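Source file: run.csv (CSV, C-alpha atoms)
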chain,number,residue,atom,x,y,z
A,25,MET,CA,115.0,101.0,121.0
A,26,ILE,CA,112.4,101.8,118.3
A,27,MET,CA,113.0,105.5,118.6
A,28,THR,CA,116.7,104.9,118.2
A,29,MET,CA,116.2,102.9,115.0
A,30,PHE,CA,113.8,105.6,113.7
A,31,LEU,CA,116.3,108.3,114.3
A,32,GLN,CA,119.0,106.3,112.6
A,33,SER,CA,116.7,105.8,109.6
A,34,LEU,CA,116.2,109.5,109.3
A,35,SER,CA,119.9,110.1,109.4
A,36,LEU,CA,120.5,107.6,106.6
A,37,ARG,CA,117.8,109.1,104.4
A,38,LYS,CA,119.5,112.5,104.8
A,39,ALA,CA,122.7,110.9,103.6
A,40,SER,CA,120.8,109.5,100.6
A,41,VAL,CA,121.6,106.0,101.6
A,42,PHE,CA,118.9,103.6,100.4
A,43,LEU,CA,117.4,101.9,103.5
A,44,PHE,CA,115.5,98.6,103.1
A,45,PHE,CA,114.2,98.7,106.6
A,46,SER,CA,112.0,101.7,105.8
A,47,PHE,CA,108.9,100.0,107.1
A,48,LEU,CA,109.3,102.0,110.3
A,49,ALA,CA,108.0,105.0,108.4
A,50,PHE,CA,104.6,103.2,107.8
A,51,PRO,CA,101.8,102.1,110.1
A,52,LEU,CA,102.5,98.7,111.6
A,53,HIS,CA,99.5,97.1,109.8
A,54,VAL,CA,100.8,98.1,106.4
A,55,SER,CA,103.5,96.0,104.7
A,56,ALA,CA,106.5,97.9,103.3
A,57,ARG,CA,109.7,97.3,101.4
A,58,PRO,CA,111.6,94.1,102.5
A,59,ALA,CA,115.3,94.0,103.3
A,60,THR,CA,116.0,91.0,101.1
A,61,PHE,CA,114.3,88.9,98.5
A,62,LEU,CA,113.8,86.0,100.9
A,63,GLN,CA,112.2,88.2,103.6
A,64,ASP,CA,108.9,88.6,101.6
A,65,PHE,CA,109.3,86.2,98.7
A,66,ARG,CA,109.8,82.5,98.0
A,67,VAL,CA,110.9,80.5,95.0
A,68,THR,CA,107.9,78.7,93.4
A,69,TRP,CA,109.5,77.1,90.4
A,70,SER,CA,113.1,75.8,89.7
A,71,ASP,CA,115.1,77.2,92.6
A,72,SER,CA,118.3,76.2,90.7
A,73,HIS,CA,117.4,79.0,88.1
A,74,ILE,CA,117.0,81.8,90.6
A,75,ARG,CA,120.3,83.2,92.0
A,76,GLN,CA,120.6,85.7,94.8
A,77,ILE,CA,122.9,88.7,94.3
A,78,ASP,CA,124.2,91.3,96.7
A,79,GLY,CA,123.2,89.4,99.8
A,80,GLY,CA,119.7,88.8,98.5
A,81,ARG,CA,118.9,92.4,97.6
A,82,ALA,CA,118.9,91.5,94.0
A,83,ILE,CA,118.2,88.3,92.0
A,84,GLN,CA,119.0,86.8,88.7
A,85,LEU,CA,116.3,84.7,86.8
A,86,VAL,CA,117.6,82.1,84.3
A,87,LEU,CA,115.9,80.5,81.3
A,88,ASP,CA,117.5,77.7,79.4
A,89,GLN,CA,116.5,74.6,77.4
A,90,TYR,CA,115.7,72.8,80.6
A,91,SER,CA,113.6,75.2,82.6
A,92,GLY,CA,112.3,78.7,83.3
A,93,CYS,CA,111.7,79.8,86.9
A,94,GLY,CA,109.4,81.8,89.1
A,95,PHE,CA,108.9,83.3,92.5
A,96,ALA,CA,106.0,84.6,94.6
A,97,SER,CA,105.3,86.7,97.7
A,98,LYS,CA,104.8,84.8,101.0
A,99,ALA,CA,101.7,86.8,101.7
A,100,LYS,CA,98.8,88.2,99.7
A,101,TYR,CA,97.7,91.8,99.8
A,102,MET,CA,94.7,94.0,99.5
A,103,PHE,CA,95.3,97.4,97.7
A,104,GLY,CA,98.5,99.5,97.8
A,105,ARG,CA,101.5,99.6,95.6
A,106,VAL,CA,103.9,96.9,94.4
A,107,SER,CA,107.0,97.7,92.4
A,108,MET,CA,110.3,96.1,91.3
A,109,ARG,CA,113.2,97.3,89.3
A,110,ILE,CA,113.9,94.9,86.4
A,111,LYS,CA,116.6,94.6,83.8
A,112,LEU,CA,115.3,92.5,80.9
A,113,ILE,CA,117.0,90.0,78.7
A,114,PRO,CA,119.4,91.7,76.3
A,115,GLY,CA,120.0,91.0,72.6
A,116,ASP,CA,117.9,88.3,70.9
A,117,SER,CA,115.1,87.5,73.4
A,118,ALA,CA,112.4,86.5,70.9
A,119,GLY,CA,110.0,83.9,72.3
A,120,THR,CA,110.7,84.7,75.9
A,121,VAL,CA,108.3,86.2,78.5
A,122,THR,CA,109.3,87.9,81.7
A,123,ALA,CA,106.2,88.4,83.8
A,124,PHE,CA,105.5,90.5,86.9
A,125,TYR,CA,101.9,90.3,88.2
A,126,MET,CA,99.5,90.0,91.0
A,127,ASN,CA,97.1,87.1,91.2
A,128,SER,CA,94.3,86.0,93.6
A,129,ASP,CA,95.2,82.3,93.0
A,130,THR,CA,91.6,81.4,92.6
A,131,ASP,CA,90.1,79.6,89.6
A,132,ALA,CA,86.6,80.5,88.6
A,133,VAL,CA,86.7,84.1,90.0
A,134,ARG,CA,90.3,84.9,89.5
A,135,ASP,CA,91.5,88.5,89.8
A,136,GLU,CA,94.9,89.3,88.2
A,137,LEU,CA,96.9,92.3,87.2
A,138,ASP,CA,99.7,91.5,84.6
A,139,PHE,CA,102.9,93.0,83.3
A,140,GLU,CA,104.3,90.7,80.6
A,141,PHE,CA,107.5,91.7,78.8
A,142,LEU,CA,107.6,90.1,75.4
A,143,GLY,CA,111.0,89.3,74.0
A,144,ASN,CA,112.2,90.6,70.7
A,145,ARG,CA,114.7,90.2,67.9
A,146,THR,CA,117.9,92.2,68.3
A,147,GLY,CA,117.2,95.8,67.4
A,148,GLN,CA,113.4,95.6,67.7
A,149,PRO,CA,111.6,97.4,70.5
A,150,TYR,CA,110.5,95.5,73.6
A,151,THR,CA,106.8,95.2,74.0
A,152,VAL,CA,105.0,95.2,77.4
A,153,GLN,CA,101.6,93.6,77.5
A,154,THR,CA,99.2,94.4,80.3
A,155,ASN,CA,96.1,92.4,81.2
A,156,ILE,CA,93.4,92.6,83.9
A,157,PHE,CA,91.2,89.9,85.2
A,158,ALA,CA,88.3,90.9,87.3
A,159,HIS,CA,85.9,88.4,88.9
A,160,GLY,CA,87.2,85.7,86.5
A,161,LYS,CA,87.0,87.7,83.3
A,162,GLY,CA,90.2,88.6,81.5
A,163,ASP,CA,91.1,89.1,77.8
A,164,ARG,CA,91.7,92.8,78.4
A,165,GLU,CA,95.2,93.0,76.7
A,166,GLN,CA,96.9,96.2,75.8
A,167,ARG,CA,100.4,96.4,74.3
A,168,VAL,CA,102.9,99.2,74.4
A,169,ASN,CA,106.3,99.4,72.7
A,170,LEU,CA,108.8,100.7,75.3
A,171,TRP,CA,110.5,103.9,74.3
A,172,PHE,CA,113.9,102.9,75.8
A,173,ASP,CA,116.1,99.8,75.9
A,174,PRO,CA,114.8,97.9,79.1
A,175,ALA,CA,117.8,95.5,78.9
A,176,ALA,CA,120.5,98.3,79.1
A,177,ASP,CA,119.6,99.2,82.7
A,178,PHE,CA,117.1,98.7,85.5
A,179,HIS,CA,113.7,100.4,85.2
A,180,LEU,CA,110.9,100.6,87.8
A,181,TYR,CA,107.6,98.8,87.1
A,182,THR,CA,104.7,99.5,89.4
A,183,ILE,CA,101.2,98.2,89.9
A,184,PHE,CA,99.1,100.7,91.9
A,185,TRP,CA,95.7,99.5,93.2
A,186,ASN,CA,93.1,101.3,95.3
A,187,HIS,CA,89.3,101.5,95.5
A,188,GLN,CA,89.2,104.0,92.7
A,189,HIS,CA,91.5,102.6,90.0
A,190,ILE,CA,94.4,100.4,89.0
A,191,VAL,CA,97.4,102.0,87.3
A,192,PHE,CA,100.4,100.4,85.6
A,193,TYR,CA,103.5,102.5,85.7
A,194,VAL,CA,106.8,102.3,83.8
A,195,ASP,CA,109.2,104.4,85.8
A,196,ASP,CA,106.9,107.4,86.5
A,197,VAL,CA,104.9,107.1,83.4
A,198,PRO,CA,101.4,105.6,83.6
A,199,ILE,CA,100.8,103.3,80.7
A,200,ARG,CA,97.4,101.9,81.7
A,201,VAL,CA,94.5,102.9,83.9
A,202,TYR,CA,91.5,100.8,84.8
A,203,LYS,CA,88.8,102.7,86.6
A,204,ASN,CA,86.4,101.4,89.1
A,205,ASN,CA,83.1,101.5,87.2
A,206,GLU,CA,81.2,99.1,89.4
A,207,ALA,CA,78.3,101.6,89.5
A,208,LYS,CA,77.9,100.8,85.8
A,209,GLY,CA,77.9,97.0,86.3
A,210,ILE,CA,81.6,96.6,85.4
A,211,PRO,CA,83.6,94.2,87.6
A,212,PHE,CA,86.5,95.7,89.6
A,213,PRO,CA,89.0,93.6,91.8
A,214,LYS,CA,88.3,94.6,95.4
A,215,LEU,CA,87.1,91.5,97.2
A,216,GLN,CA,90.1,89.1,97.0
A,217,PRO,CA,93.7,89.6,98.1
A,218,MET,CA,96.4,89.0,95.6
A,219,GLY,CA,99.9,87.6,95.8
A,220,VAL,CA,102.9,89.1,93.9
A,221,TYR,CA,104.5,86.8,91.3
A,222,SER,CA,107.2,86.8,88.7
A,223,THR,CA,108.2,84.3,86.1
A,224,LEU,CA,110.7,83.9,83.2
A,225,TRP,CA,109.6,81.3,80.6
A,226,GLU,CA,109.5,80.3,77.0
A,227,ALA,CA,106.3,81.2,75.1
A,228,ASP,CA,107.4,81.3,71.4
A,229,ASP,CA,104.0,80.1,70.3
A,230,TRP,CA,102.6,83.6,70.8
A,231,ALA,CA,105.1,86.0,72.5
A,232,THR,CA,106.9,87.6,69.6
A,233,ARG,CA,104.9,88.7,66.5
A,234,GLY,CA,102.1,86.3,67.4
A,235,GLY,CA,104.4,83.3,67.4
A,236,LEU,CA,106.1,83.9,64.1
A,237,GLU,CA,109.5,84.5,65.8
A,238,LYS,CA,110.8,81.4,67.6
A,239,ILE,CA,113.2,81.3,70.5
A,240,ASN,CA,116.9,80.9,69.5
A,241,TRP,CA,118.2,78.4,72.0
A,242,SER,CA,121.8,79.0,70.8
A,243,LYS,CA,121.5,82.4,72.7
A,244,ALA,CA,120.6,80.6,75.9
A,245,PRO,CA,120.8,80.9,78.8
A,246,PHE,CA,118.7,84.0,79.1
A,247,TYR,CA,119.0,86.3,82.1
A,248,ALA,CA,116.7,88.8,83.7
A,249,TYR,CA,117.6,90.8,86.9
A,250,TYR,CA,115.4,92.2,89.7
A,251,LYS,CA,116.1,94.5,92.7
A,252,ASP,CA,114.4,97.0,94.9
A,253,PHE,CA,111.4,94.9,95.8
A,254,ASP,CA,108.7,97.2,97.2
A,255,ILE,CA,105.4,96.0,98.6
A,256,GLU,CA,103.2,98.6,100.4
A,257,GLY,CA,99.7,97.2,101.1
A,258,CYS,CA,97.5,95.4,103.6
A,259,PRO,CA,98.8,91.9,104.1
A,260,VAL,CA,96.4,89.0,104.3
A,261,PRO,CA,96.2,87.4,106.8
A,262,GLY,CA,96.4,90.7,108.8
A,263,PRO,CA,94.1,93.2,110.6
A,264,ALA,CA,90.6,92.9,109.1
A,265,THR,CA,90.1,96.7,109.0
A,266,CYS,CA,93.3,97.5,107.0
A,267,ALA,CA,91.8,97.1,103.5
A,268,SER,CA,88.8,99.3,104.3
A,269,ASN,CA,90.8,102.0,106.1
A,270,ARG,CA,90.5,105.1,104.0
A,271,GLY,CA,93.4,106.5,106.0
A,272,ASN,CA,95.9,104.4,104.1
A,273,TRP,CA,98.1,106.6,102.0
A,274,TRP,CA,97.1,105.1,98.7
A,275,GLU,CA,93.5,106.0,99.4
A,276,GLY,CA,94.3,109.7,99.8
A,277,ALA,CA,92.9,112.5,97.7
A,278,THR,CA,96.2,112.7,95.7
A,279,TYR,CA,95.8,109.1,94.5
A,280,GLN,CA,92.1,109.1,93.4
A,281,ALA,CA,93.0,110.0,89.8
A,282,LEU,CA,96.0,110.8,87.7
A,283,ASN,CA,97.4,114.2,88.3
A,284,ALA,CA,97.8,116.7,85.4
A,285,MET,CA,101.4,115.6,84.6
A,286,GLU,CA,100.6,111.9,84.7
A,287,ALA,CA,97.6,112.5,82.5
A,288,ARG,CA,99.8,114.1,79.9
A,289,LYS,CA,102.3,111.3,80.0
A,290,TYR,CA,99.5,108.8,79.7
A,291,ARG,CA,98.1,110.4,76.6
A,292,TRP,CA,101.6,110.6,75.1
A,293,VAL,CA,102.1,106.8,75.6
A,294,ARG,CA,98.7,105.9,74.1
A,295,MET,CA,99.3,108.2,71.1
A,296,ASN,CA,102.9,107.3,70.3
A,297,HIS,CA,103.6,103.8,71.7
A,298,MET,CA,100.4,101.8,72.0
A,299,ILE,CA,100.4,99.1,69.3
A,300,TYR,CA,97.3,97.0,70.5
A,301,ASP,CA,94.2,97.7,72.5
A,302,TYR,CA,91.5,95.1,72.9
A,303,CYS,CA,88.9,97.9,73.0
A,304,ALA,CA,89.6,98.7,69.4
A,305,ASP,CA,89.8,95.0,68.2
A,306,LYS,CA,86.5,94.6,66.3
A,307,SER,CA,87.5,91.1,65.2
A,308,ARG,CA,87.5,89.9,68.8
A,309,TYR,CA,84.8,92.3,70.1
A,310,PRO,CA,82.3,93.4,67.5
A,311,THR,CA,80.5,95.1,70.4
A,312,THR,CA,82.8,97.3,72.3
A,313,PRO,CA,83.4,95.9,75.9
A,314,PRO,CA,81.5,98.0,78.4
A,315,GLU,CA,84.5,99.1,80.4
A,316,CYS,CA,85.9,100.7,77.2
A,317,VAL,CA,82.7,102.7,76.7
A,318,ALA,CA,82.6,103.7,80.4
A,319,GLY,CA,86.2,104.9,80.3
A,320,ILE,CA,89.4,103.2,81.3

The structure given in the file should be rewritten as structure tokens.
Amino acid sequence: MIMTMFLQSLSLRKASVFLFFSFLAFPLHVSARPATFLQDFRVTWSDSHIRQIDGGRAIQLVLDQYSGCGFASKAKYMFGRVSMRIKLIPGDSAGTVTAFYMNSDTDAVRDELDFEFLGNRTGQPYTVQTNIFAHGKGDREQRVNLWFDPAADFHLYTIFWNHQHIVFYVDDVPIRVYKNNEAKGIPFPKLQPMGVYSTLWEADDWATRGGLEKINWSKAPFYAYYKDFDIEGCPVPGPATCASNRGNWWEGATYQALNAMEARKYRWVRMNHMIYDYCADKSRYPTTPPECVAGI
């Protein structure tokens, strides 16, 4: 039976048909892409504002005057890759935040990896803010203006996490790298599993131009769309040896650092589209944070 299903999946790939049950191509201890939203996720906040589309293969998040909404993975994960295709709020979205992140859900020693998409006034670029919490310490914000309209179509947003580094990708472009510099006394998230979360909410006290641009409720409701949920990592609870298994694909030699093409794209983003980097903010950090000196 398993062999039959495997052969069928190969046939479908050759026909370029997207197959959600592609977990058969991975070791059984590694979680892979779910078939539907509800297979691996649950609504955590305001289920009336999250609507399933296409049999649960896509969802719509809604923000109005009454509520935002959110969802989370049913399991936590150690290392791997998490991605979603997202189409952000079109038009006047100032004051809104669409977030996609991983979080250990622990208080004093929280680990967290954030994508936060900050709404804009019509015609202004969308800004994506990334942040990293390691062993309870955050405040590592970087902001990049996206070089395309993220509300016109779906784009792929990815968090990649292994023992060597964390990389945030927009489509195939790395926009942030956080290296493991534990040898220099810099904390790196590697001890706690993290869940996958997403929220759509109102934050007009800070989200757009530092809170100067307020949300225009006459434009509500606001909609964001998600599809192609992909989690490939070690689920927790799960086999204890999974996270330390250097045979996992994300620990391979190819993934220990950016390749030459990725490095060029990364430099291009930082030179042309980065608008804020905490490392360069002397008003907040008169002494440069050690991870900035060590290399990010």

I'd like the interatomic distance between CA of Asp173 (chain A) and CA of Tyr150 (chain A), to a tenth of an Å.
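Atom-to-atom, CA of Asp173 (chain A) to CA of Tyr150 (chain A), that is 7.4 Å.
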
What lies within 8 Å of Ala318 (chain A) using all atoms listed in the file, ignoring chain neighbours under 2 positions off, as a list in words?
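Final neighbour list, sorted by chain and number: Asn205, Lys208, Pro314, Glu315, Cys316 and Ile320 of chain A.
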
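Nearest residue to Ser268 (chain A) among A:Lys214, A:Arg105, A:Arg167, A:Lys161 is A:Lys214, counting all atoms listed in the file.
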
Could you pull the residues within 8 Å of Lys100 (chain A), counting only C-alpha atoms, minus those fewer than 3 positions along the same chain, as a CSV table (one decimal) with C-alpha atoms, in the frame of the given file?
chain,number,residue,atom,x,y,z
A,97,SER,CA,105.3,86.7,97.7
A,128,SER,CA,94.3,86.0,93.6
A,217,PRO,CA,93.7,89.6,98.1
A,218,MET,CA,96.4,89.0,95.6
A,219,GLY,CA,99.9,87.6,95.8
A,220,VAL,CA,102.9,89.1,93.9
A,259,PRO,CA,98.8,91.9,104.1
A,260,VAL,CA,96.4,89.0,104.3
A,261,PRO,CA,96.2,87.4,106.8

Using CA of Phe103 (chain A) and CA of Ala207 (chain A) as the two end points, give the distance in Å to one decimal.
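If I compute the distance from CA of Phe103 (chain A) to CA of Ala207 (chain A), I get 19.3 Å.
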
Compare A:Gln89, A:Ser70, A:Thr223, A:Gln280 by their minimum atom-to-atom distance to Tyr250 (chain A), counting all atoms listed in the file, and give me the closest one.
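Ranking A:Gln89, A:Ser70, A:Thr223, A:Gln280 by distance to Tyr250 (chain A), first place goes to A:Thr223.
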
Please identify every residue of region 185-267 of chain A that has at least one atom no farther than 6 Å from an atom of region 77-87 of chain A, counting all atoms listed in the file, and for each give the shortest atom pair and the distance in Å to one decimal, arranged by chain then increasing number, as JSON lines.
{"residue": "A:Pro245", "atom": "CA", "partner": "A:Leu87", "partner_atom": "CA", "distance": 5.5}
{"residue": "A:Phe246", "atom": "CA", "partner": "A:Leu87", "partner_atom": "CA", "distance": 5.0}
{"residue": "A:Tyr247", "atom": "CA", "partner": "A:Val86", "partner_atom": "CA", "distance": 4.9}
{"residue": "A:Ala248", "atom": "CA", "partner": "A:Leu85", "partner_atom": "CA", "distance": 5.2}
{"residue": "A:Tyr249", "atom": "CA", "partner": "A:Gln84", "partner_atom": "CA", "distance": 4.6}
{"residue": "A:Tyr250", "atom": "CA", "partner": "A:Ile83", "partner_atom": "CA", "distance": 5.3}
{"residue": "A:Lys251", "atom": "CA", "partner": "A:Ala82", "partner_atom": "CA", "distance": 4.3}
